[in-house]
Amino acid sequence: MYNLEELYQEVIIDHNQRPRNFGKLDSANKTAEGYNPLCGDQITLYIEFNDTVIKEIKFYGSGCAISKASASLMTESISGKKKSEAMVIFNNFRNMITKTSESKFDPDILGDLEILKGVSNFPARIKCATLAWHTLKSMLDNNDQTVTTE
Amino acid sequence: MLDINKIRNDFPILSRKINGKPLIYFDNAATTQKPISVINSLTDFYTTYNSNVHRGVHTLSMQSTDLFEEARNRVAKFINSQRSESIIWTRNTTEGINLVANAWGKKNITPGDEIVVTAMEHHSNLVPWQILAETNKAKLVIIPINDDGTLNLNNIDTIINSKTKIVSVVHMSNSLGTINPIHELCEKAHKVGAKFLLDGAQSAPHMPINVKDYDCDFLVFSGHKMLGPTGIGVLYVKPDILENMEPFLTGGEMVLEVSYEKASWNELPMKFEAGTPNIADAIALGEAIIYLEKIGMEQIREHEIELTNYALNKFEKLNNLTLFGPLDSSIRGGIFSFHSEYIHPHDLGTFLDNEGIAIRTGHHCTMPLIRSLNIPATSRASFYIYNTKDEIDYFIQSLQNAIKYFTHDK
């Protein structure tokens with residue numbers, strides 16, 4: 001049995017109520033959409049790249065507390081980072097959430113994102129936490145298609 | 001009045017604790033729990049009668065055939081079908097509709113024909129017709145709905161017209177709880193020479209069903225939503241239509257005579273039951289029907305009207321959420337879909353699970369309908385014979401706690 005508080009940490013509730021970097025970004029030179037058809041969650045990511053650096057990032061859309069908080073925390077963690085650095089964060093985050101066999105992650109790299117670790121104990125909610133991240137990855141991979149979690 | 005405590009004692013799972021709290025099972029529109037008599041029927045079959053049905057000359061095969069066909073007769077009586085040959089075993093409602101769309105539809109739908117469904121259909125009563133319409137170059141026409149979740153029949157005589165070949169309608173909406181005017185729609189279909197399919201997945205478990213009274217041509221429902229096991233469902237077809245239908249799946253059991261070049265078809269209903277059927281689950285569904293009939297379908301409907309009125313009254317007092325579907329329990333089943341701008345359905349589902357309450361969240365296999373409500377998903381609580389007013393009270397209280405949990409500043 002897992003505690004609800006472990007999933008919905010105060011910081012998560014806070015980011016759900018007051019998402020950071022929420023809205024459209026006019027200066028974006030890259031956008032991508034993520035969609036979870038099963039729950040209807042939808043997210044659009046806007047990034048202004050300065051060469052290989054994520055100069056500014058914003059997100060917009062609708063979703064549950066987990067998906068919104070995850071997107072919000074993601075924008076904070078990768079803003080100002082190089083693409084390659086963002087990719088490292090992505091891999092660490094994915095490993096933390098999905099708890100696969102070789103899922104090692106470095107808490108120092110994740111920083112505040114470790115707050116979302118509790119999601120890994122709620123398998124039905126993992127897709128909520130990863131929607132924004134898969135959308136980000138498709139941008140880093142230069143894929144223009146809408147990302148779905150299915 | 002049902003003796004709910006006595007009924008609850010028949011369901012072993014209801015004594016389970018979920019996350020340390022007594023289970024409140026409000027996901028009955030997805031699947032219902034099973035009484036001990038149904039569970040015992042499954043073990044009983046495999047320990048005492050297990051054998052393949054039909055054509056066997058040994059004792060076990062004859063006994064299993066008897067039990068299997070007895071269950072079919074029981075289903076026929078349950079829906080007031082004159083002939084048990086009209087009852088075809090399927091896996092579920094979805095397979096029943098696919099069978100009709102393929103075995104009846106492919107032969108009878110011609111270019112320019114129209115197929116009519118409603119805006120509140122489950123994907124299972126929408127997608128097979130989309131495919132049939134595309135392959136047979138027919139048009140799929142949708143009966144719209146009103147804001148209160150009832151069908152909008154203003155233009156029904158234009159929608160059901162001389163080009164209409166089949167009208168396929170859900171009896172009770174799994175997303176809204178709406179009970180549709182079946183007599184009226186069936187009559188309109190027949191008036192223009194169209195067939196009428198009734199999707200009874202949500203109605204057959206909760207109210208008396210009478211195919212003779214409705215005069216429907218097809219009826220489909222699932223065993224697992226009415227106390228039976230998963231993997232067994234029913235398709236009823238009017239005898240004269242069934243006789244002219246081509247087989248759906250082919251192979252063993254459904255043939256009479258086979259040469260290397262060709263085959264002839266077995267008699268009804270076996271013609272539509274290719275391969276070894278789901279014997280144990282069909283027999284257990286018969287046992288579920290015995291259980292339901294012992295309580296009485298009228299009594300079950302009455303109990304659910306009482307729960308529905310009780311819940312409607314509670315929901316009316318909540319100003320932080322929107323309830324979908326009609327507010328009149330005479331045209332609504334015990335299904336409560338709602339949305340709150342303060343809490344996402346998935347967060348609510350997780351929160352309530354922590355309180356031991358099982359509800360469903362999402363689009364409930366009615367994506368176009370949910371989209372038309374301009375929300376991403378709904379939360380749905382659905383009741384059955386073993387649910388109580390106390391459970392509804394606890395659910396409403398937990399619902400309020402959940403909204404507080406997600407909106408208050410920590």
# chains A, B, ... in the order shown; residues from 1 in each chain; ligands from 1
>>> interface_residues(of="chain B", to="chain A", cutoff="8 Å", atoms="only C-alpha atoms", output="short mmCIF file (atom, residue, chain, number, x, y, z; two decimals) with N, CA and C atoms, in the first residue's frame")
data_model
loop_
_atom_site.label_atom_id
_atom_site.label_comp_id
_atom_site.auth_asym_id
_atom_site.auth_seq_id
_atom_site.Cartn_x
_atom_site.Cartn_y
_atom_site.Cartn_z
N ASN B 19 -6.77 -0.57 0.19
CA ASN B 19 -5.97 0.46 0.87
C ASN B 19 -6.46 0.67 2.31
N ILE B 343 -10.82 19.46 -10.23
CA ILE B 343 -10.06 18.22 -10.08
C ILE B 343 -10.16 17.40 -11.35
N HIS B 344 -9.01 16.92 -11.82
CA HIS B 344 -8.98 16.09 -13.01
C HIS B 344 -9.48 14.68 -12.66
N PRO B 345 -10.26 14.04 -13.56
CA PRO B 345 -10.80 12.70 -13.25
C PRO B 345 -9.74 11.71 -12.77
N HIS B 346 -8.54 11.76 -13.34
CA HIS B 346 -7.52 10.79 -12.92
C HIS B 346 -7.03 11.02 -11.50
N ASP B 347 -6.94 12.30 -11.12
CA ASP B 347 -6.55 12.60 -9.74
C ASP B 347 -7.65 12.14 -8.80
N PHE B 351 -7.43 9.40 -5.83
CA PHE B 351 -7.82 9.82 -4.48
C PHE B 351 -8.88 8.89 -3.90
N ASN B 354 -7.80 5.47 -2.91
CA ASN B 354 -7.15 5.51 -1.60
C ASN B 354 -8.18 5.40 -0.47
N THR B 361 -12.58 6.42 -14.70
CA THR B 361 -12.30 7.76 -15.21
C THR B 361 -11.83 7.63 -16.65
N GLY B 362 -12.17 8.62 -17.45
CA GLY B 362 -11.72 8.59 -18.84
C GLY B 362 -12.86 8.91 -19.78
N HIS B 363 -12.82 8.29 -20.97
CA HIS B 363 -13.84 8.61 -21.97
C HIS B 363 -14.89 7.51 -22.08
N PRO B 376 -12.02 16.82 -21.28
CA PRO B 376 -11.12 15.75 -21.71
C PRO B 376 -11.58 14.37 -21.27
N ALA B 377 -12.30 14.30 -20.16
CA ALA B 377 -12.69 13.02 -19.59
C ALA B 377 -13.73 13.26 -18.51
N PHE B 406 -7.24 19.08 -3.50
CA PHE B 406 -6.53 19.58 -4.69
C PHE B 406 -6.64 21.09 -4.88
N THR B 407 -7.50 21.74 -4.10
CA THR B 407 -7.65 23.18 -4.32
C THR B 407 -7.13 24.03 -3.17
N ASP B 409 -4.69 25.69 -0.43
CA ASP B 409 -3.28 26.04 -0.43
C ASP B 409 -2.59 25.36 0.74
N LYS B 410 -1.54 24.66 0.40
CA LYS B 410 -0.86 23.93 1.48
C LYS B 410 0.18 24.81 2.15
#
>>> residues_around(residues="stretch 67-83 of chain A", least_positions_apart="6", cutoff="9 Å", atoms="only C-alpha atoms", output="VMD selection string")
chain A and resid 11 to 22 41 43 52 to 59 61 89 110 to 113 116 125 127 to 133 140
>>> write_last_selection(atoms="N, CA, C and O atoms", output="compact mmCIF listing (two decimals), in the first residue's frame")
# COMPACT_ATOMS: atom_id res chain seq x y z
N VAL A 11 4.65 20.06 -3.27
CA VAL A 11 5.20 20.78 -4.42
C VAL A 11 4.39 20.46 -5.69
O VAL A 11 4.17 21.33 -6.54
N ILE A 12 3.94 19.23 -5.78
CA ILE A 12 3.16 18.83 -6.96
C ILE A 12 1.82 19.55 -6.99
O ILE A 12 1.40 20.09 -8.02
N ILE A 13 1.15 19.58 -5.84
CA ILE A 13 -0.12 20.30 -5.75
C ILE A 13 0.10 21.78 -6.09
O ILE A 13 -0.68 22.38 -6.81
N ASP A 14 1.20 22.31 -5.62
CA ASP A 14 1.52 23.71 -5.87
C ASP A 14 1.73 23.97 -7.37
O ASP A 14 1.19 24.92 -7.93
N HIS A 15 2.52 23.10 -8.00
CA HIS A 15 2.77 23.27 -9.45
C HIS A 15 1.51 23.04 -10.26
O HIS A 15 1.35 23.61 -11.34
N ASN A 16 0.59 22.20 -9.74
CA ASN A 16 -0.68 21.98 -10.43
C ASN A 16 -1.53 23.25 -10.36
O ASN A 16 -2.14 23.67 -11.34
N GLN A 17 -1.53 23.87 -9.19
CA GLN A 17 -2.35 25.08 -9.01
C GLN A 17 -1.72 26.30 -9.68
O GLN A 17 -2.42 27.15 -10.21
N ARG A 18 -0.40 26.35 -9.63
CA ARG A 18 0.31 27.50 -10.21
C ARG A 18 1.43 27.01 -11.11
O ARG A 18 2.62 27.13 -10.77
N PRO A 19 1.07 26.45 -12.26
CA PRO A 19 2.12 25.92 -13.13
C PRO A 19 3.08 27.02 -13.59
O PRO A 19 2.66 28.13 -13.91
N ARG A 20 4.39 26.70 -13.57
CA ARG A 20 5.40 27.66 -14.01
C ARG A 20 5.54 27.57 -15.54
O ARG A 20 5.34 26.51 -16.12
N ASN A 21 5.94 28.66 -16.13
CA ASN A 21 6.15 28.72 -17.59
C ASN A 21 4.93 28.21 -18.36
O ASN A 21 5.04 27.47 -19.32
N PHE A 22 3.75 28.60 -17.85
CA PHE A 22 2.51 28.13 -18.47
C PHE A 22 1.99 29.19 -19.43
O PHE A 22 1.87 30.36 -19.06
N ASP A 41 -5.58 13.97 -21.96
CA ASP A 41 -4.57 14.96 -21.61
C ASP A 41 -3.87 15.46 -22.87
O ASP A 41 -3.51 14.67 -23.75
N ILE A 43 -0.97 18.46 -24.37
CA ILE A 43 0.04 19.45 -24.01
C ILE A 43 0.72 19.98 -25.27
O ILE A 43 0.96 19.22 -26.23
N THR A 52 21.96 25.34 -29.98
CA THR A 52 21.62 24.08 -29.31
C THR A 52 21.19 24.30 -27.87
O THR A 52 21.05 23.35 -27.11
N VAL A 53 20.96 25.55 -27.51
CA VAL A 53 20.58 25.84 -26.13
C VAL A 53 19.08 26.16 -26.05
O VAL A 53 18.54 26.86 -26.90
N ILE A 54 18.44 25.60 -25.02
CA ILE A 54 17.03 25.90 -24.77
C ILE A 54 16.99 27.24 -24.04
O ILE A 54 17.20 27.31 -22.83
N LYS A 55 16.74 28.28 -24.83
CA LYS A 55 16.80 29.62 -24.24
C LYS A 55 15.56 29.86 -23.37
O LYS A 55 15.65 30.36 -22.26
N GLU A 56 14.40 29.50 -23.92
CA GLU A 56 13.16 29.66 -23.15
C GLU A 56 12.20 28.54 -23.50
O GLU A 56 12.15 28.08 -24.65
N ILE A 57 11.41 28.12 -22.52
CA ILE A 57 10.43 27.04 -22.77
C ILE A 57 9.14 27.36 -22.03
O ILE A 57 9.16 27.86 -20.90
N LYS A 58 8.01 27.07 -22.71
CA LYS A 58 6.71 27.22 -22.07
C LYS A 58 5.84 26.03 -22.47
O LYS A 58 6.11 25.36 -23.47
N PHE A 59 4.82 25.79 -21.68
CA PHE A 59 3.87 24.73 -22.08
C PHE A 59 2.45 25.21 -21.87
O PHE A 59 2.18 26.10 -21.04
N GLY A 61 -1.84 23.58 -22.10
CA GLY A 61 -2.69 22.41 -22.31
C GLY A 61 -3.49 22.07 -21.08
O GLY A 61 -3.58 22.86 -20.14
N ILE A 89 18.91 14.61 -18.71
CA ILE A 89 17.86 14.76 -17.70
C ILE A 89 16.67 13.87 -18.06
O ILE A 89 16.11 13.18 -17.20
N LEU A 110 18.73 15.17 -11.36
CA LEU A 110 17.28 15.41 -11.35
C LEU A 110 16.87 16.60 -10.48
O LEU A 110 15.91 17.31 -10.82
N GLY A 111 17.56 16.82 -9.40
CA GLY A 111 17.20 17.95 -8.53
C GLY A 111 15.76 17.86 -8.06
O GLY A 111 15.32 16.83 -7.56
N ASP A 112 15.01 18.96 -8.27
CA ASP A 112 13.61 19.03 -7.82
C ASP A 112 12.73 17.95 -8.43
O ASP A 112 11.69 17.60 -7.88
N LEU A 113 13.12 17.45 -9.59
CA LEU A 113 12.29 16.46 -10.29
C LEU A 113 12.10 15.18 -9.47
O LEU A 113 11.18 14.42 -9.71
N LEU A 116 8.82 13.78 -8.05
CA LEU A 116 7.86 12.96 -8.80
C LEU A 116 8.14 11.46 -8.68
O LEU A 116 7.45 10.65 -9.28
N ARG A 125 -0.47 5.77 -13.34
CA ARG A 125 -0.26 7.21 -13.50
C ARG A 125 1.07 7.56 -14.15
O ARG A 125 1.42 8.74 -14.28
N LYS A 127 2.07 7.28 -17.22
CA LYS A 127 1.90 8.01 -18.49
C LYS A 127 1.58 9.48 -18.27
O LYS A 127 1.90 10.31 -19.10
N CYS A 128 0.90 9.76 -17.16
CA CYS A 128 0.59 11.15 -16.85
C CYS A 128 1.90 11.93 -16.67
O CYS A 128 2.05 13.05 -17.14
N ALA A 129 2.83 11.32 -15.95
CA ALA A 129 4.09 12.01 -15.63
C ALA A 129 5.02 12.11 -16.83
O ALA A 129 5.86 13.01 -16.89
N THR A 130 4.90 11.20 -17.78
CA THR A 130 5.87 11.17 -18.88
C THR A 130 5.41 11.90 -20.15
O THR A 130 6.20 12.08 -21.07
N LEU A 131 4.12 12.32 -20.18
CA LEU A 131 3.60 12.94 -21.41
C LEU A 131 4.46 14.13 -21.87
O LEU A 131 4.90 14.19 -23.02
N ALA A 132 4.71 15.06 -20.95
CA ALA A 132 5.48 16.26 -21.32
C ALA A 132 6.89 15.87 -21.77
O ALA A 132 7.45 16.46 -22.70
N TRP A 133 7.45 14.86 -21.11
CA TRP A 133 8.83 14.46 -21.39
C TRP A 133 8.98 13.80 -22.75
O TRP A 133 9.96 14.05 -23.45
N LEU A 140 13.59 17.23 -29.29
CA LEU A 140 15.05 17.08 -29.31
C LEU A 140 15.48 16.15 -30.43
O LEU A 140 16.55 16.31 -31.01
>>> residues_around(residues="stretch 27-33 of chain A", least_positions_apart="2", cutoff="6 Å", atoms="only C-alpha atoms", output="list in words")
Leu25, Ile43, Thr44, Leu45, Tyr46, Ile47, Glu48 and Thr146 of chain A
>>> write_last_selection(atoms="C-alpha atoms", output="mmCIF file, in the first residue's frame")
data_model
loop_
_atom_site.group_PDB
_atom_site.id
_atom_site.type_symbol
_atom_site.label_atom_id
_atom_site.label_comp_id
_atom_site.auth_asym_id
_atom_site.auth_seq_id
_atom_site.Cartn_x
_atom_site.Cartn_y
_atom_site.Cartn_z
ATOM 1 C CA LEU A 25 5.672 31.499 -26.217
ATOM 2 C CA ILE A 43 0.040 19.455 -24.010
ATOM 3 C CA THR A 44 1.816 21.848 -26.353
ATOM 4 C CA LEU A 45 5.466 22.663 -25.768
ATOM 5 C CA TYR A 46 7.057 25.857 -27.044
ATOM 6 C CA ILE A 47 10.807 26.224 -27.130
ATOM 7 C CA GLU A 48 13.003 29.051 -28.269
ATOM 8 C CA THR A 146 2.123 14.680 -32.456
#
>>> select_by_dssp(residues="stretch 48-135 of chain A", states="helix (DSSP H, G or I)", output="ChimeraX atom specification")
/A:65-78,83-98,107-121,123-135
>>> atom_distance(atom1="atom CA of B:Ile392", atom2="atom CA of A:Glu6")
27.3 Å
>>> select_by_dssp(residues="chain A", states="strand (DSSP E)", output="list in words")
Lys30, Thr31, Ala32, Glu33, Gly34, Tyr35, Asn36, Asp41, Gln42, Ile43, Thr44, Leu45, Tyr46, Ile47, Glu48, Phe49, Asn50, Val53, Ile54, Lys55, Glu56, Ile57, Lys58, Phe59, Tyr60, Gly61, Ser62, Val147 and Thr148 of chain A
>>> write_last_selection(atoms="N, CA and C atoms", output="CSV table (one decimal), in the first residue's frame")
chain,number,residue,atom,x,y,z
A,30,LYS,N,10.3,26.4,-32.2
A,30,LYS,CA,9.9,25.0,-32.3
A,30,LYS,C,8.7,24.7,-31.3
A,31,THR,N,7.7,24.0,-31.8
A,31,THR,CA,6.6,23.6,-31.0
A,31,THR,C,6.4,22.1,-31.2
A,32,ALA,N,5.8,21.5,-30.2
A,32,ALA,CA,5.4,20.1,-30.4
A,32,ALA,C,4.2,19.8,-29.5
A,33,GLU,N,3.4,18.8,-30.0
A,33,GLU,CA,2.2,18.5,-29.2
A,33,GLU,C,2.3,17.1,-28.7
A,34,GLY,N,1.8,16.9,-27.5
A,34,GLY,CA,1.7,15.6,-26.9
A,34,GLY,C,0.2,15.3,-26.5
A,35,TYR,N,-0.2,14.1,-26.7
A,35,TYR,CA,-1.6,13.7,-26.4
A,35,TYR,C,-1.7,12.3,-25.9
A,36,ASN,N,-2.5,12.2,-24.8
A,36,ASN,CA,-2.8,10.9,-24.3
A,36,ASN,C,-4.3,10.6,-24.6
A,41,ASP,N,-5.6,14.0,-22.0
A,41,ASP,CA,-4.6,15.0,-21.6
A,41,ASP,C,-3.9,15.5,-22.9
A,42,GLN,N,-3.7,16.8,-22.9
A,42,GLN,CA,-3.1,17.4,-24.1
A,42,GLN,C,-2.1,18.4,-23.7
A,43,ILE,N,-1.0,18.5,-24.4
A,43,ILE,CA,0.0,19.5,-24.0
A,43,ILE,C,0.7,20.0,-25.3
A,44,THR,N,1.0,21.3,-25.3
A,44,THR,CA,1.8,21.8,-26.4
A,44,THR,C,3.1,22.5,-25.7
A,45,LEU,N,4.2,22.1,-26.3
A,45,LEU,CA,5.5,22.7,-25.8
A,45,LEU,C,6.0,23.7,-26.8
A,46,TYR,N,6.5,24.8,-26.2
A,46,TYR,CA,7.1,25.9,-27.0
A,46,TYR,C,8.5,26.1,-26.6
A,47,ILE,N,9.4,26.0,-27.5
A,47,ILE,CA,10.8,26.2,-27.1
A,47,ILE,C,11.5,27.2,-28.1
A,48,GLU,N,12.2,28.2,-27.5
A,48,GLU,CA,13.0,29.1,-28.3
A,48,GLU,C,14.4,28.5,-28.1
A,49,PHE,N,14.9,27.9,-29.2
A,49,PHE,CA,16.3,27.4,-29.2
A,49,PHE,C,17.2,28.5,-29.7
A,50,ASN,N,18.3,28.6,-29.0
A,50,ASN,CA,19.4,29.5,-29.5
A,50,ASN,C,20.5,28.6,-29.8
A,53,VAL,N,21.0,25.6,-27.5
A,53,VAL,CA,20.6,25.8,-26.1
A,53,VAL,C,19.1,26.2,-26.0
A,54,ILE,N,18.4,25.6,-25.0
A,54,ILE,CA,17.0,25.9,-24.8
A,54,ILE,C,17.0,27.2,-24.0
A,55,LYS,N,16.7,28.3,-24.8
A,55,LYS,CA,16.8,29.6,-24.2
A,55,LYS,C,15.6,29.9,-23.4
A,56,GLU,N,14.4,29.5,-23.9
A,56,GLU,CA,13.2,29.7,-23.1
A,56,GLU,C,12.2,28.5,-23.5
A,57,ILE,N,11.4,28.1,-22.5
A,57,ILE,CA,10.4,27.0,-22.8
A,57,ILE,C,9.1,27.4,-22.0
A,58,LYS,N,8.0,27.1,-22.7
A,58,LYS,CA,6.7,27.2,-22.1
A,58,LYS,C,5.8,26.0,-22.5
A,59,PHE,N,4.8,25.8,-21.7
A,59,PHE,CA,3.9,24.7,-22.1
A,59,PHE,C,2.5,25.2,-21.9
A,60,TYR,N,1.5,24.6,-22.6
A,60,TYR,CA,0.1,24.9,-22.5
A,60,TYR,C,-0.7,23.7,-22.7
A,61,GLY,N,-1.8,23.6,-22.1
A,61,GLY,CA,-2.7,22.4,-22.3
A,61,GLY,C,-3.5,22.1,-21.1
A,62,SER,N,-4.1,20.9,-21.1
A,62,SER,CA,-4.9,20.5,-20.0
A,62,SER,C,-4.5,19.0,-19.6
A,147,VAL,N,2.9,13.6,-30.5
A,147,VAL,CA,3.3,12.4,-29.7
A,147,VAL,C,2.1,11.9,-28.9
A,148,THR,N,1.9,10.6,-29.0
A,148,THR,CA,0.9,10.1,-28.1
A,148,THR,C,1.5,9.1,-27.2
>>> residues_around(residues="stretch 139-153 of chain B", least_positions_apart="3", cutoff="9 Å", atoms="only C-alpha atoms", output="compact mmCIF listing (two decimals) with C-alpha atoms, in the first residue's frame")
# COMPACT_ATOMS: atom_id res chain seq x y z
CA PRO B 111 -24.42 1.61 -51.88
CA GLY B 112 -26.45 4.66 -50.89
CA ASP B 113 -28.10 2.94 -47.93
CA GLU B 114 -28.09 4.61 -44.53
CA ILE B 115 -27.14 3.23 -41.14
CA VAL B 116 -28.44 5.12 -38.11
CA VAL B 117 -26.83 5.24 -34.66
CA THR B 118 -26.93 7.83 -31.88
CA ALA B 119 -24.36 10.34 -30.63
CA MET B 120 -24.08 8.43 -27.35
CA TRP B 129 -20.87 0.46 -38.58
CA GLN B 130 -18.20 2.96 -39.70
CA ALA B 133 -20.49 1.98 -44.23
CA GLU B 134 -17.07 2.43 -45.79
CA ILE B 156 -36.05 11.82 -36.43
CA ASP B 157 -38.37 11.34 -39.43
CA ILE B 159 -32.93 10.82 -40.07
CA ILE B 160 -34.81 7.50 -40.26
CA LEU B 176 -24.77 9.35 -19.40
CA GLY B 177 -27.12 6.78 -17.88
CA THR B 178 -29.85 7.86 -20.33
CA ILE B 179 -32.52 5.25 -21.05
CA ASN B 180 -33.59 5.74 -24.65
CA PRO B 181 -37.17 5.47 -26.03
CA PHE B 324 -24.20 14.76 -17.11
CA GLY B 325 -27.36 12.96 -18.21
CA PRO B 326 -31.07 13.37 -17.47
CA LEU B 327 -32.22 14.25 -13.94
CA ILE B 331 -35.26 7.68 -17.95
CA LEU B 373 -19.13 17.86 -23.92
>>> residues_around(residues="A:Asn95", least_positions_apart="6", cutoff="12 Å", atoms="only C-alpha atoms", output="ChimeraX atom specification")
/A:88-89,101-107,110,114,116-117,119-120,126,130
>>> atom_distance(atom1="atom CA of B:Ile283", atom2="atom CA of B:His58")
19.3 Å
>>> residues_around(residues="B:Val170", least_positions_apart="4", cutoff="7 Å", atoms="only C-alpha atoms", output="list of chain:residue names")
B:Glu121, B:Leu198, B:Asp199, B:Gly200
>>> closest_residue(among="A:Ser84, A:Thr135, A:Asn142, A:Thr98", to="A:Asn121", atoms="only C-alpha atoms")
A:Thr98
>>> atom_distance(atom1="atom CA of B:Thr308", atom2="atom CA of B:Ser382")
9.6 Å
>>> decode(residues="stretch 34-97 of chain A", atoms="C-alpha atoms", output="PDB file, in the first residue's frame")
ATOM      1  CA  GLY A  34       1.658  15.579 -26.883  1.00  0.00           C
ATOM      2  CA  TYR A  35      -1.603  13.737 -26.441  1.00  0.00           C
ATOM      3  CA  ASN A  36      -2.809  10.894 -24.278  1.00  0.00           C
ATOM      4  CA  PRO A  37      -5.945   9.633 -26.036  1.00  0.00           C
ATOM      5  CA  LEU A  38      -6.923   7.461 -23.084  1.00  0.00           C
ATOM      6  CA  CYS A  39      -7.392  10.312 -20.652  1.00  0.00           C
ATOM      7  CA  GLY A  40      -7.639  13.231 -23.053  1.00  0.00           C
ATOM      8  CA  ASP A  41      -4.573  14.961 -21.613  1.00  0.00           C
ATOM      9  CA  GLN A  42      -3.108  17.352 -24.123  1.00  0.00           C
ATOM     10  CA  ILE A  43       0.040  19.455 -24.010  1.00  0.00           C
ATOM     11  CA  THR A  44       1.816  21.848 -26.353  1.00  0.00           C
ATOM     12  CA  LEU A  45       5.466  22.663 -25.768  1.00  0.00           C
ATOM     13  CA  TYR A  46       7.057  25.857 -27.044  1.00  0.00           C
ATOM     14  CA  ILE A  47      10.807  26.224 -27.130  1.00  0.00           C
ATOM     15  CA  GLU A  48      13.003  29.051 -28.269  1.00  0.00           C
ATOM     16  CA  PHE A  49      16.272  27.426 -29.231  1.00  0.00           C
ATOM     17  CA  ASN A  50      19.383  29.504 -29.452  1.00  0.00           C
ATOM     18  CA  ASP A  51      21.493  27.185 -31.554  1.00  0.00           C
ATOM     19  CA  THR A  52      21.619  24.075 -29.310  1.00  0.00           C
ATOM     20  CA  VAL A  53      20.577  25.839 -26.129  1.00  0.00           C
ATOM     21  CA  ILE A  54      17.027  25.897 -24.770  1.00  0.00           C
ATOM     22  CA  LYS A  55      16.804  29.616 -24.245  1.00  0.00           C
ATOM     23  CA  GLU A  56      13.165  29.662 -23.146  1.00  0.00           C
ATOM     24  CA  ILE A  57      10.430  27.038 -22.765  1.00  0.00           C
ATOM     25  CA  LYS A  58       6.708  27.217 -22.067  1.00  0.00           C
ATOM     26  CA  PHE A  59       3.866  24.729 -22.079  1.00  0.00           C
ATOM     27  CA  TYR A  60       0.133  24.939 -22.521  1.00  0.00           C
ATOM     28  CA  GLY A  61      -2.694  22.415 -22.314  1.00  0.00           C
ATOM     29  CA  SER A  62      -4.884  20.461 -19.953  1.00  0.00           C
ATOM     30  CA  GLY A  63      -4.233  17.445 -17.805  1.00  0.00           C
ATOM     31  CA  CYS A  64      -4.246  15.968 -14.352  1.00  0.00           C
ATOM     32  CA  ALA A  65      -2.178  17.272 -11.427  1.00  0.00           C
ATOM     33  CA  ILE A  66       0.626  14.812 -12.147  1.00  0.00           C
ATOM     34  CA  SER A  67       0.952  15.663 -15.836  1.00  0.00           C
ATOM     35  CA  LYS A  68       0.717  19.397 -15.211  1.00  0.00           C
ATOM     36  CA  ALA A  69       3.211  19.381 -12.335  1.00  0.00           C
ATOM     37  CA  SER A  70       5.573  17.177 -14.314  1.00  0.00           C
ATOM     38  CA  ALA A  71       5.466  19.550 -17.281  1.00  0.00           C
ATOM     39  CA  SER A  72       5.897  22.562 -15.031  1.00  0.00           C
ATOM     40  CA  LEU A  73       8.885  21.071 -13.203  1.00  0.00           C
ATOM     41  CA  MET A  74      10.362  19.977 -16.518  1.00  0.00           C
ATOM     42  CA  THR A  75      10.328  23.494 -17.929  1.00  0.00           C
ATOM     43  CA  GLU A  76      12.155  24.733 -14.849  1.00  0.00           C
ATOM     44  CA  SER A  77      14.769  22.025 -14.989  1.00  0.00           C
ATOM     45  CA  ILE A  78      15.712  22.267 -18.670  1.00  0.00           C
ATOM     46  CA  SER A  79      15.468  25.992 -19.215  1.00  0.00           C
ATOM     47  CA  GLY A  80      18.894  27.305 -20.199  1.00  0.00           C
ATOM     48  CA  LYS A  81      20.259  23.808 -20.763  1.00  0.00           C
ATOM     49  CA  LYS A  82      21.914  22.460 -23.879  1.00  0.00           C
ATOM     50  CA  LYS A  83      20.009  19.875 -25.914  1.00  0.00           C
ATOM     51  CA  SER A  84      22.487  17.205 -24.849  1.00  0.00           C
ATOM     52  CA  GLU A  85      22.061  18.130 -21.193  1.00  0.00           C
ATOM     53  CA  ALA A  86      18.265  18.033 -21.531  1.00  0.00           C
ATOM     54  CA  MET A  87      18.585  14.562 -23.010  1.00  0.00           C
ATOM     55  CA  VAL A  88      20.557  13.383 -19.996  1.00  0.00           C
ATOM     56  CA  ILE A  89      17.864  14.764 -17.696  1.00  0.00           C
ATOM     57  CA  PHE A  90      15.200  13.046 -19.817  1.00  0.00           C
ATOM     58  CA  ASN A  91      16.941   9.678 -19.498  1.00  0.00           C
ATOM     59  CA  ASN A  92      17.385  10.025 -15.753  1.00  0.00           C
ATOM     60  CA  PHE A  93      13.763  11.082 -15.299  1.00  0.00           C
ATOM     61  CA  ARG A  94      12.465   8.182 -17.390  1.00  0.00           C
ATOM     62  CA  ASN A  95      14.559   5.730 -15.412  1.00  0.00           C
ATOM     63  CA  MET A  96      13.245   7.094 -12.115  1.00  0.00           C
ATOM     64  CA  ILE A  97       9.590   6.945 -13.188  1.00  0.00           C
TER      65      ILE A  97
END
